[in-house]
Structures are given as structure tokens and as C-alpha cells.
$ cat start28.txt   # compact mmCIF, C-alpha atoms
# COMPACT_ATOMS: atom_id res chain seq x y z
CA MET V 256 -5.45 -29.05 -6.78
CA ASP V 257 -8.07 -30.70 -8.90
CA MET V 258 -11.12 -28.78 -10.08
CA PHE V 259 -13.33 -30.11 -7.28
CA GLU V 260 -10.92 -29.05 -4.53
CA VAL V 261 -10.56 -25.63 -6.16
CA ALA V 262 -14.32 -25.16 -6.33
CA ASP V 263 -14.75 -26.25 -2.71
CA ARG V 264 -12.07 -23.88 -1.42
CA VAL V 265 -13.48 -20.96 -3.39
CA GLU V 266 -16.98 -21.62 -2.09
CA GLN V 267 -15.74 -21.62 1.51
CA MET V 268 -13.74 -18.44 0.93
CA THR V 269 -16.62 -16.52 -0.58
CA GLU V 270 -19.06 -17.64 2.09
CA GLN V 271 -16.69 -16.41 4.80
CA ALA V 272 -16.14 -13.17 2.90
CA SER V 273 -19.88 -12.55 2.72
CA ILE V 274 -20.19 -13.06 6.47
CA ILE V 275 -17.42 -10.55 7.15
CA VAL V 276 -18.83 -7.78 4.96
CA ARG V 277 -22.32 -8.31 6.40
CA GLN V 278 -20.84 -7.82 9.87
CA VAL V 279 -19.22 -4.59 8.72
CA MET V 280 -22.41 -3.28 7.14
CA ALA V 281 -24.35 -4.10 10.29
CA GLU V 282 -21.84 -2.19 12.43
CA PHE V 283 -21.25 0.83 10.16
CA ASP V 284 -23.30 3.04 7.88
CA ILE V 285 -21.45 2.46 4.59
CA SER V 286 -21.78 5.17 1.94
CA HIS V 287 -19.42 3.79 -0.72
CA VAL V 288 -17.34 0.70 -1.42
CA VAL V 289 -13.83 0.95 -2.85
CA ALA V 290 -11.62 -1.98 -3.83
CA ALA V 291 -7.97 -1.11 -3.18
CA PHE V 292 -5.97 -2.72 -5.97
CA SER V 293 -2.20 -2.74 -5.52
CA GLY V 294 -1.56 -4.94 -8.53
CA GLY V 295 -0.37 -7.84 -6.36
CA ASP V 296 -1.55 -11.41 -6.77
CA ASP V 297 -3.47 -11.32 -3.46
CA SER V 298 -4.93 -7.91 -4.15
CA ILE V 299 -6.48 -8.95 -7.45
CA VAL V 300 -8.38 -11.72 -5.64
CA SER V 301 -10.03 -9.37 -3.16
CA THR V 302 -10.64 -6.78 -5.89
CA HIS V 303 -12.24 -9.32 -8.23
CA TRP V 304 -14.53 -10.54 -5.45
CA ALA V 305 -15.48 -7.02 -4.29
CA MET V 306 -16.30 -5.81 -7.79
CA ASP V 307 -18.57 -8.81 -8.27
CA TYR V 308 -20.20 -8.64 -4.85
CA PHE V 309 -20.83 -4.86 -4.82
CA PRO V 310 -22.34 -3.67 -8.14
CA ASP V 311 -21.60 0.01 -7.40
CA ALA V 312 -18.03 -0.46 -6.13
CA VAL V 313 -15.08 1.24 -7.79
CA VAL V 314 -11.42 0.28 -7.90
CA MET V 315 -8.87 2.62 -6.43
CA ILE V 316 -5.20 2.45 -7.37
CA GLY V 317 -3.05 4.40 -4.95
CA ASP V 318 -0.05 5.25 -7.12
CA THR V 319 2.97 6.04 -4.93
CA GLN V 320 4.92 7.24 -8.00
CA ILE V 321 7.92 5.30 -6.72
CA GLY V 322 7.07 2.00 -8.35
CA ILE V 323 7.70 0.00 -11.48
CA GLU V 324 5.91 1.05 -14.65
CA LYS V 325 5.17 -2.56 -15.63
CA THR V 326 3.14 -2.92 -12.44
CA ARG V 327 1.19 0.26 -13.24
CA LYS V 328 0.41 -1.10 -16.69
CA HIS V 329 -0.66 -4.41 -15.14
CA GLN V 330 -3.08 -2.60 -12.82
CA THR V 331 -4.64 -0.70 -15.71
CA ALA V 332 -4.82 -3.78 -17.94
CA CYS V 333 -6.62 -5.79 -15.24
CA CYS V 334 -9.22 -3.05 -14.72
CA GLU V 335 -9.84 -2.78 -18.44
CA ARG V 336 -10.00 -6.55 -18.95
CA PHE V 337 -12.72 -6.98 -16.32
CA GLY V 338 -14.51 -3.71 -17.09
CA TRP V 339 -13.92 -2.27 -13.64
CA LYS V 340 -14.49 1.42 -13.09
CA TYR V 341 -11.25 2.66 -11.55
CA HIS V 342 -9.47 5.76 -10.31
CA ARG V 343 -5.71 6.18 -10.09
CA VAL V 344 -4.76 8.70 -7.41
CA SER V 345 -1.35 9.93 -6.32
CA PRO V 346 0.02 12.14 -3.55
CA ALA V 347 1.31 15.52 -4.63
CA PRO V 348 4.39 17.41 -3.43
CA GLU V 349 3.33 19.92 -0.78
CA GLY V 350 6.39 22.11 -0.34
CA ALA V 351 8.30 22.97 2.81
CA PRO V 352 6.52 22.41 6.15
CA PRO V 353 5.53 25.49 8.17
CA ASN V 354 8.46 27.13 9.95
CA TRP V 355 11.00 25.13 7.95
CA SER V 356 14.31 26.89 8.55
CA LYS V 357 16.71 24.97 6.29
CA TYR V 358 17.22 25.06 2.54
CA TRP V 359 14.36 23.29 0.75
CA VAL V 360 14.71 21.18 -2.39
CA ASP V 361 11.63 20.71 -4.56
CA GLY V 362 10.85 17.26 -5.92
CA ASN V 363 8.75 16.09 -8.85
CA THR V 364 6.85 13.65 -6.59
CA SER V 365 5.94 13.43 -2.92
CA TYR V 366 8.59 10.73 -2.49
CA GLU V 367 11.33 12.78 -4.14
CA GLU V 368 10.36 15.75 -2.02
CA PHE V 369 10.78 13.68 1.16
CA VAL V 370 14.09 12.00 0.39
CA LEU V 371 15.77 15.10 -1.05
CA ASN V 372 15.04 16.98 2.18
CA HIS V 373 15.15 14.25 4.84
CA GLY V 374 17.15 11.39 3.35
CA PHE V 375 15.92 7.89 2.54
CA PRO V 376 13.41 6.66 5.12
CA GLY V 377 14.81 3.43 6.53
CA HIS V 378 12.72 1.14 8.69
CA ALA V 379 11.94 3.68 11.42
CA GLN V 380 10.33 6.09 8.94
CA HIS V 381 8.04 3.53 7.33
CA HIS V 382 5.01 5.19 8.89
CA ARG V 383 5.95 8.52 7.26
CA MET V 384 6.12 6.78 3.90
CA TYR V 385 2.64 5.41 4.53
CA GLN V 386 1.30 8.84 5.44
CA ARG V 387 2.89 10.58 2.46
CA LEU V 388 2.48 7.96 -0.25
CA LYS V 389 -0.71 6.11 0.64
CA GLN V 390 -2.77 8.09 3.12
CA ARG V 391 -2.50 11.33 1.10
CA ALA V 392 -3.47 9.41 -2.04
CA PHE V 393 -6.46 7.72 -0.42
CA ARG V 394 -7.79 11.07 0.78
CA LYS V 395 -8.23 12.05 -2.85
CA ILE V 396 -10.82 9.33 -3.41
CA LYS V 397 -13.35 11.05 -1.14
CA PRO V 398 -14.32 13.97 -3.41
CA ILE V 399 -14.32 11.58 -6.38
CA LEU V 400 -16.90 9.37 -4.68
CA GLY V 401 -19.12 12.33 -3.85
CA LYS V 402 -21.13 13.47 -0.87
CA ALA V 403 -21.98 11.07 1.93
CA LYS V 404 -24.29 11.19 4.90
CA ARG V 405 -22.78 12.55 8.08
CA GLY V 406 -21.34 9.74 10.19
CA SER V 407 -21.15 7.28 7.30
CA ARG V 408 -18.01 5.39 6.34
CA ILE V 409 -16.28 4.34 3.13
CA MET V 410 -15.57 0.62 2.97
CA VAL V 411 -12.13 -0.11 1.54
CA VAL V 412 -11.72 -3.75 0.54
CA SER V 413 -8.18 -5.14 0.51
CA GLY V 414 -6.51 -8.54 0.27
CA ILE V 415 -4.70 -8.91 3.58
CA ARG V 416 -4.42 -12.29 5.26
CA GLN V 417 -4.06 -12.94 8.98
CA ASP V 418 -0.35 -13.10 9.78
CA GLU V 419 2.29 -11.22 11.73
CA SER V 420 2.42 -8.47 9.14
CA SER V 421 -1.28 -7.73 9.44
CA ILE V 422 -0.93 -7.37 13.21
CA ARG V 423 2.01 -5.00 12.82
CA ALA V 424 -0.04 -2.90 10.42
CA GLY V 425 -2.74 -2.50 13.07
CA TYR V 426 -5.19 -5.33 12.33
CA LYS V 427 -6.55 -7.55 15.09
CA ARG V 428 -9.51 -8.90 13.10
CA ALA V 429 -10.77 -8.91 9.52
CA TYR V 430 -11.68 -5.21 9.53
CA ALA V 431 -10.62 -2.03 11.25
CA GLU V 432 -11.91 1.53 11.30
CA GLU V 433 -9.64 4.43 10.40
CA LYS V 434 -11.74 7.05 12.16
CA SER V 435 -9.76 10.11 11.18
CA GLU V 436 -10.22 9.28 7.48
CA ARG V 437 -13.81 7.91 7.59
CA PHE V 438 -12.58 4.58 6.20
CA VAL V 439 -13.36 1.05 7.31
CA TRP V 440 -10.69 -1.29 5.95
CA VAL V 441 -12.14 -4.72 5.28
CA ASN V 442 -10.28 -7.91 4.40
CA PRO V 443 -12.90 -10.43 3.26
CA PHE V 444 -10.32 -13.22 2.92
CA TYR V 445 -8.50 -12.43 6.16
CA TYR V 446 -8.84 -16.00 7.44
CA SER V 447 -7.92 -17.63 4.12
CA SER V 448 -4.55 -19.16 3.26
CA ALA V 449 -2.15 -18.62 0.38
CA THR V 450 -3.47 -21.88 -1.06
CA ASP V 451 -7.00 -20.51 -0.93
CA PHE V 452 -5.92 -17.40 -2.84
CA GLU V 453 -4.25 -19.61 -5.42
CA ALA V 454 -7.47 -21.61 -5.79
CA TYR V 455 -9.50 -18.43 -6.36
CA SER V 456 -7.04 -17.20 -8.98
CA GLN V 457 -7.19 -20.56 -10.71
CA GLU V 458 -10.98 -20.69 -10.62
CA PHE V 459 -11.40 -17.29 -12.29
CA GLY V 460 -8.26 -17.23 -14.42
CA LEU V 461 -6.92 -14.08 -12.81
CA PRO V 462 -3.78 -12.60 -14.43
CA ARG V 463 -0.54 -12.66 -12.43
CA ASN V 464 1.66 -9.68 -11.72
CA PRO V 465 4.42 -9.88 -14.36
CA VAL V 466 6.98 -8.14 -12.14
CA LYS V 467 6.39 -10.62 -9.33
CA GLN V 468 6.92 -13.47 -11.78
CA LEU V 469 10.22 -11.94 -12.93
CA CYS V 470 11.83 -11.01 -9.64
CA GLY V 471 9.56 -12.03 -6.76
CA ILE V 472 8.50 -8.44 -5.91
CA SER V 473 5.22 -6.84 -6.95
CA GLY V 474 6.85 -3.45 -7.62
CA GLU V 475 3.91 -1.30 -6.55
CA CYS V 476 5.84 0.68 -3.93
CA CYS V 477 9.63 0.79 -3.91
CA CYS V 478 10.21 3.43 -1.26
CA GLY V 479 13.06 1.47 0.33
CA ALA V 480 11.79 1.66 3.91
CA HIS V 481 11.97 -2.12 4.16
CA ALA V 482 14.45 -2.75 1.36
CA VAL V 483 16.52 -5.91 1.61
CA PRO V 484 20.00 -6.47 0.16
CA GLY V 485 19.81 -7.11 -3.56
CA GLU V 486 16.33 -5.66 -3.97
CA ARG V 487 17.40 -2.93 -6.35
CA GLU V 488 19.12 -5.48 -8.56
CA ALA V 489 15.88 -7.46 -8.62
CA TYR V 490 14.18 -4.31 -9.90
CA ARG V 491 16.89 -4.04 -12.53
CA ILE V 492 15.89 -7.47 -13.84
CA ALA V 493 12.24 -6.44 -14.10
CA GLU V 494 12.73 -2.88 -15.33
CA PRO V 495 16.27 -1.56 -15.83
CA ALA V 496 15.08 2.04 -16.30
CA PHE V 497 13.57 2.10 -12.83
CA ALA V 498 16.75 0.82 -11.20
CA ASP V 499 18.67 3.47 -13.13
CA TYR V 500 16.26 6.09 -11.77
CA LEU V 501 16.96 4.90 -8.21
CA ASP V 502 20.70 5.12 -8.89
CA ALA V 503 20.38 8.72 -10.05
CA LEU V 504 18.07 9.71 -7.19
CA GLU V 505 20.42 8.10 -4.67
CA ALA V 506 23.32 10.12 -6.03
CA ARG V 507 21.35 13.33 -5.52
CA VAL V 508 20.20 12.40 -2.01
CA MET V 509 23.69 11.38 -0.89
CA GLN V 510 25.01 14.83 -1.69
CA ALA V 511 23.28 15.88 1.54
CA PHE V 512 22.71 12.65 3.52
CA PRO V 513 25.29 9.92 4.22
CA TRP V 514 23.16 6.85 3.51
CA GLY V 515 21.67 5.20 0.47
CA TRP V 516 18.30 3.89 -0.69
CA GLU V 517 18.57 0.48 1.01
CA CYS V 518 19.64 2.00 4.34
CA GLY V 519 18.37 4.13 7.16
CA PRO V 520 20.40 6.86 8.84
CA PRO V 521 23.48 5.50 10.67
CA LYS V 522 23.57 5.68 14.44
CA TRP V 523 26.27 8.35 14.51
CA TYR V 524 24.10 10.59 12.32
CA ILE V 525 21.06 10.07 14.55
CA ASP V 526 23.09 10.85 17.65
CA GLN V 527 24.57 13.94 16.03
CA ASN V 528 21.16 15.21 14.87
CA ARG V 529 19.01 14.05 17.78
CA GLY V 530 17.37 17.48 18.01
CA GLN V 531 15.71 17.04 14.61
CA LYS V 532 12.54 15.58 16.01
CA PHE V 533 10.90 15.15 12.61
CA LEU V 534 13.29 12.36 11.69
CA PHE V 535 14.03 10.70 14.99
CA ASP V 536 10.91 10.75 17.13
CA VAL V 537 9.70 7.27 16.19
CA SER V 538 10.39 4.03 18.03
CA GLU V 539 10.21 0.65 16.34
CA ASN V 540 7.02 0.03 18.32
CA GLN V 541 5.12 2.96 16.85
CA LYS V 542 1.40 2.24 16.45
CA THR V 543 0.50 3.98 13.21
CA PHE V 544 -2.33 2.14 11.46
CA MET V 545 -0.98 1.30 7.98
CA PRO V 546 -3.69 -0.78 6.30
CA ALA V 547 -2.32 -0.42 2.78
CA PHE V 548 1.32 -1.21 3.54
CA VAL V 549 1.19 -4.79 4.79
CA GLY V 550 2.97 -6.31 1.82
CA CYS V 551 6.30 -4.56 2.33
CA VAL V 552 6.27 -5.34 6.06
CA ARG V 553 5.68 -9.01 5.21
CA LYS V 554 8.67 -8.87 2.87
$ encode --input "start28.txt" --output "C-alpha cells"
Amino acid sequence: MDMFEVADRVEQMTEQASIIVRQVMAEFDISHVVAAFSGGDDSIVSTHWAMDYFPDAVVMIGDTQIGIEKTRKHQTACCERFGWKYHRVSPAPEGAPPNWSKYWVDGNTSYEEFVLNHGFPGHAQHHRMYQRLKQRAFRKIKPILGKAKRGSRIMVVSGIRQDESSIRAGYKRAYAEEKSERFVWVNPFYYSSATDFEAYSQEFGLPRNPVKQLCGISGECCCGAHAVPGEREAYRIAEPAFADYLDALEARVMQAFPWGWECGPPKWYIDQNRGQKFLFDVSENQKTFMPAFVGCVRK
């Protein structure tokens, strides 16, 4: 694209984004604005725009603690480069659930705690990964932001585009309310294309995710729920130490569960343990709203 086409695309994008957020602010009483920055090349576009459009906004990095360190460093470096006020929040291990009757293994992170006691998630448990790794982290932003008027909502700006993945995550338009959490998730560039995002990045010289450039994966969350064959070896290219960590964790998990990081429980295991409702009560058509996990579904 030449400079004139880039400028024209960016102008159209930002005009549409302004319309969307004005609609949200007309519909909801917004107390705070948070830009959710995953470190991905789409996410930095929406974050850059939000931090410019809303002077009092803050960046939130939901650290799943099962991601690549280079991506974490990229997130921090971007915030410091642009002078964004940011908070990095992570879910914490919570111990055995009430009335847990089996032996419990403690983990250093919420993810370790899950897989050591329930096995690797597989596709059907993607929603539990969202609840444990993202939803629990996002809850921590509320006390950081401070008190808010009763009935008000926190606007969370993210970089999701309209595609099949966004629908599967629960989106039917550019924004959606998560009532139980007091969040309104807003995607100002929902109707934009990948080419539009590229134009915005070019216009403002936004840095690219180094892990994505190395292996095609952003590396922010590597829980394995939607892992594809060869994904771990892609991680090994980007950060060998992280792939080694997955190898070691897999060895520990497979002492108790007969499937690895890239797999879900085999059918014979599900049939044999059908009474364990915690693991096997979810159909592929479950309707959990997962606004922060679109990227791995798209993958």
C-alpha cells in the first residue's frame, strides 16, 4: 500500500471505531476504560488506538503464566515505549475445590494446578481454561481501578475482528456485555480487515510480536486446549526453555493421566470416568462467553 492508501484506510478505521465506542457509552454508564493487550499484532492496534482516544485508560495484561517469556517482554516493552500505564495481572492457584475427595497436587500456577489434578484440557475444556486463566485474572483489575458507581460498567477494549472465531467466542456485534463481571467488551475495529490492521500498524510504526515473526504463534497463552500438531516444536524454535518446561510438565501430568499436552482425554477414558462431571459435562456447543480467547480458537 502506498502512503495515501494507508492514510485513507486508517481514517476510515478510526472513524468507525469512534462510532462504535460512542454507541457503547450511550448504552452503558462507563466508569473506567481498560485496553486488553495480549501482545499480538492485532491487539497492539486496538490498544494503541484506545490509549490515544481515552486519556484516562490503562492497559491490562492478563498473564496466563503458561506463555512464552519473549512475548511477556514484548508486552512490557510496548507499554514502556509508548508511555502507557499498565497492570499485569495473573490468576492464582486456589487449592482443592470444596468436597474434593481425591488426592490433590499443588501447582505453582493456576494452570499447573489444573493439569496436575485434571489432566491437560483438550478442546472440550477450553472454557475452563478461559475461566481459570483469563476470567480470574481480569477480576483482579477491578480493585486496581477503584470504586465505581453502582450499575456502571468497565469498558474493555480488544482487537477482535468479525469472523467465525468471534462468533464462537460469543460476539454477534462489535461489543458485548459480560454482566456477571460488570465488563463491556468492545472491539472498535470489529468490521475492519487484516489489511486495515496492517495499514494502521504501518501508519504508526507499531512493533511486531517477535515470537509471531519466528514461529507464526503469538505465544501469549499456550494452554494446549486448541494445540495443533507441531505447535510445541514451533515454541521450541522461539524459546527452547519454554518447550522444555512443557516436556517436563507433560511427564508429571502423564504419571496420572494417559494423554499429553496436545491432546484431550481419549474416548475410552471419558467412558470409563463418565461420572466425573467436572471434566465431562461440556458439549462442543457450550455457550461460555470467552471474549479474551478468540485468537486460539481462530488458530
$ closest_atom_pairs --input "start28.txt" --of "range 408-487 of chain V" --to "range 320-341 of chain V" --cutoff "10 Å" --atoms "only C-alpha atoms" --output "tab-separated table"
residue	atom	partner	partner_atom	distance
V:Leu461	CA	V:Cys333	CA	8.6
V:Pro462	CA	V:Cys333	CA	7.4
V:Arg463	CA	V:His329	CA	8.7
V:Asn464	CA	V:His329	CA	6.7
V:Pro465	CA	V:Thr326	CA	7.3
V:Val466	CA	V:Thr326	CA	6.5
V:Lys467	CA	V:Thr326	CA	8.9
V:Ser473	CA	V:Thr326	CA	7.1
V:Gly474	CA	V:Ile323	CA	5.2
V:Glu475	CA	V:Gly322	CA	4.9
V:Cys476	CA	V:Gly322	CA	4.8
V:Cys477	CA	V:Gly322	CA	5.3
V:Cys478	CA	V:Ile321	CA	6.2
V:Gly479	CA	V:Ile321	CA	9.5
$ write_last_selection --input "start28.txt" --atoms "C-alpha atoms" --output "compact mmCIF listing (two decimals), keeping the file's coordinate frame"
# COMPACT_ATOMS: atom_id res chain seq x y z
CA LEU V 461 -6.92 -14.08 -12.81
CA PRO V 462 -3.78 -12.60 -14.43
CA ARG V 463 -0.54 -12.66 -12.43
CA ASN V 464 1.66 -9.68 -11.72
CA PRO V 465 4.42 -9.88 -14.36
CA VAL V 466 6.98 -8.14 -12.14
CA LYS V 467 6.39 -10.62 -9.33
CA SER V 473 5.22 -6.84 -6.95
CA GLY V 474 6.85 -3.45 -7.62
CA GLU V 475 3.91 -1.30 -6.55
CA CYS V 476 5.84 0.68 -3.93
CA CYS V 477 9.63 0.79 -3.91
CA CYS V 478 10.21 3.43 -1.26
CA GLY V 479 13.06 1.47 0.33
$ residues_near_point --input "start28.txt" --point "(14.5, 4.3, 7.1)" --cutoff "12 Å" --atoms "all atoms listed in the file" --output "PyMOL selection string"
chain V and resi 369-370+373-384+478-483+514-522+525+534-535+537-539
$ write_last_selection --input "start28.txt" --atoms "C-alpha atoms" --output "CSV table (one decimal), keeping the file's coordinate frame"
chain,number,residue,atom,x,y,z
V,369,PHE,CA,10.8,13.7,1.2
V,370,VAL,CA,14.1,12.0,0.4
V,373,HIS,CA,15.2,14.2,4.8
V,374,GLY,CA,17.2,11.4,3.4
V,375,PHE,CA,15.9,7.9,2.5
V,376,PRO,CA,13.4,6.7,5.1
V,377,GLY,CA,14.8,3.4,6.5
V,378,HIS,CA,12.7,1.1,8.7
V,379,ALA,CA,11.9,3.7,11.4
V,380,GLN,CA,10.3,6.1,8.9
V,381,HIS,CA,8.0,3.5,7.3
V,382,HIS,CA,5.0,5.2,8.9
V,383,ARG,CA,6.0,8.5,7.3
V,384,MET,CA,6.1,6.8,3.9
V,478,CYS,CA,10.2,3.4,-1.3
V,479,GLY,CA,13.1,1.5,0.3
V,480,ALA,CA,11.8,1.7,3.9
V,481,HIS,CA,12.0,-2.1,4.2
V,482,ALA,CA,14.4,-2.8,1.4
V,483,VAL,CA,16.5,-5.9,1.6
V,514,TRP,CA,23.2,6.8,3.5
V,515,GLY,CA,21.7,5.2,0.5
V,516,TRP,CA,18.3,3.9,-0.7
V,517,GLU,CA,18.6,0.5,1.0
V,518,CYS,CA,19.6,2.0,4.3
V,519,GLY,CA,18.4,4.1,7.2
V,520,PRO,CA,20.4,6.9,8.8
V,521,PRO,CA,23.5,5.5,10.7
V,522,LYS,CA,23.6,5.7,14.4
V,525,ILE,CA,21.1,10.1,14.6
V,534,LEU,CA,13.3,12.4,11.7
V,535,PHE,CA,14.0,10.7,15.0
V,537,VAL,CA,9.7,7.3,16.2
V,538,SER,CA,10.4,4.0,18.0
V,539,GLU,CA,10.2,0.6,16.3
$ closest_residue --input "start28.txt" --among "V:Gln271, V:Tyr445, V:Val508, V:His287" --to "Lys402 in chain V" --atoms "all atoms listed in the file"
V:His287
$ closest_residue --input "start28.txt" --among "V:Asp526, V:Ala511, V:Pro353, V:Arg391" --to "Tyr366 in chain V" --atoms "only C-alpha atoms"
V:Arg391
$ atom_distance --input "start28.txt" --atom1 "CA of Leu504 in chain V" --atom2 "CA of Trp355 in chain V"
22.7 Å
$ atom_distance --input "start28.txt" --atom1 "CA of Ala312 in chain V" --atom2 "CA of Met410 in chain V"
9.5 Å
$ atom_distance --input "start28.txt" --atom1 "CA of Phe283 in chain V" --atom2 "CA of Phe393 in chain V"
19.4 Å
$ closest_atom_pairs --input "start28.txt" --of "range 295-406 of chain V" --to "range 272-281 of chain V" --cutoff "12 Å" --atoms "all atoms listed in the file" --output "tab-separated table"
residue	atom	partner	partner_atom	distance
V:Val300	CA	V:Ala272	CA	11.6
V:Ser301	CA	V:Ala272	CA	9.4
V:Trp304	CA	V:Ala272	CA	8.9
V:Ala305	CA	V:Ala272	CA	9.5
V:Asp307	CA	V:Ser273	CA	11.7
V:Tyr308	CA	V:Ser273	CA	8.5
V:Phe309	CA	V:Val276	CA	10.4
$ closest_residue --input "start28.txt" --among "V:Ile316, V:Ala454, V:Ala489, V:Ala392" --to "Glu266 in chain V" --atoms "only C-alpha atoms"
V:Ala454
$ axis_aligned_box --input "start28.txt" --around "range 339-357 of chain V" --padding-each-side "4 Å" --output "lines of an AutoDock Vina configuration file"
center_x = 1.1
center_y = 12.4
center_z = -1.8
size_x = 39.2
size_y = 37.4
size_z = 31.6
$ closest_residue --input "start28.txt" --among "V:Ser286, V:Gln510, V:Thr319, V:Ser448" --to "Arg405 in chain V" --atoms "all atoms listed in the file"
V:Ser286
$ residues_around --input "start28.txt" --residues "range 411-415 of chain V" --least-positions-apart "4" --cutoff "7 Å" --atoms "only C-alpha atoms" --output "PyMOL selection string"
chain V and resi 288-291+297-298+300-301+305+421+438-442+444-445
$ write_last_selection --input "start28.txt" --atoms "C-alpha atoms" --output "short mmCIF file (atom, residue, chain, number, x, y, z; two decimals), keeping the file's coordinate frame"
data_model
loop_
_atom_site.label_atom_id
_atom_site.label_comp_id
_atom_site.auth_asym_id
_atom_site.auth_seq_id
_atom_site.Cartn_x
_atom_site.Cartn_y
_atom_site.Cartn_z
CA VAL V 288 -17.34 0.70 -1.42
CA VAL V 289 -13.83 0.95 -2.85
CA ALA V 290 -11.62 -1.98 -3.83
CA ALA V 291 -7.97 -1.11 -3.18
CA ASP V 297 -3.47 -11.32 -3.46
CA SER V 298 -4.93 -7.91 -4.15
CA VAL V 300 -8.38 -11.72 -5.64
CA SER V 301 -10.03 -9.37 -3.16
CA ALA V 305 -15.48 -7.02 -4.29
CA SER V 421 -1.28 -7.73 9.44
CA PHE V 438 -12.58 4.58 6.20
CA VAL V 439 -13.36 1.05 7.31
CA TRP V 440 -10.69 -1.29 5.95
CA VAL V 441 -12.14 -4.72 5.28
CA ASN V 442 -10.28 -7.91 4.40
CA PHE V 444 -10.32 -13.22 2.92
CA TYR V 445 -8.50 -12.43 6.16
#
$ closest_residue --input "start28.txt" --among "V:Tyr524, V:Asn354, V:Gln267, V:Leu388" --to "Glu368 in chain V" --atoms "only C-alpha atoms"
V:Leu388
$ closest_residue --input "start28.txt" --among "V:Glu436, V:Asp502, V:Glu488, V:Glu349" --to "Gln390 in chain V" --atoms "all atoms listed in the file"
V:Glu436
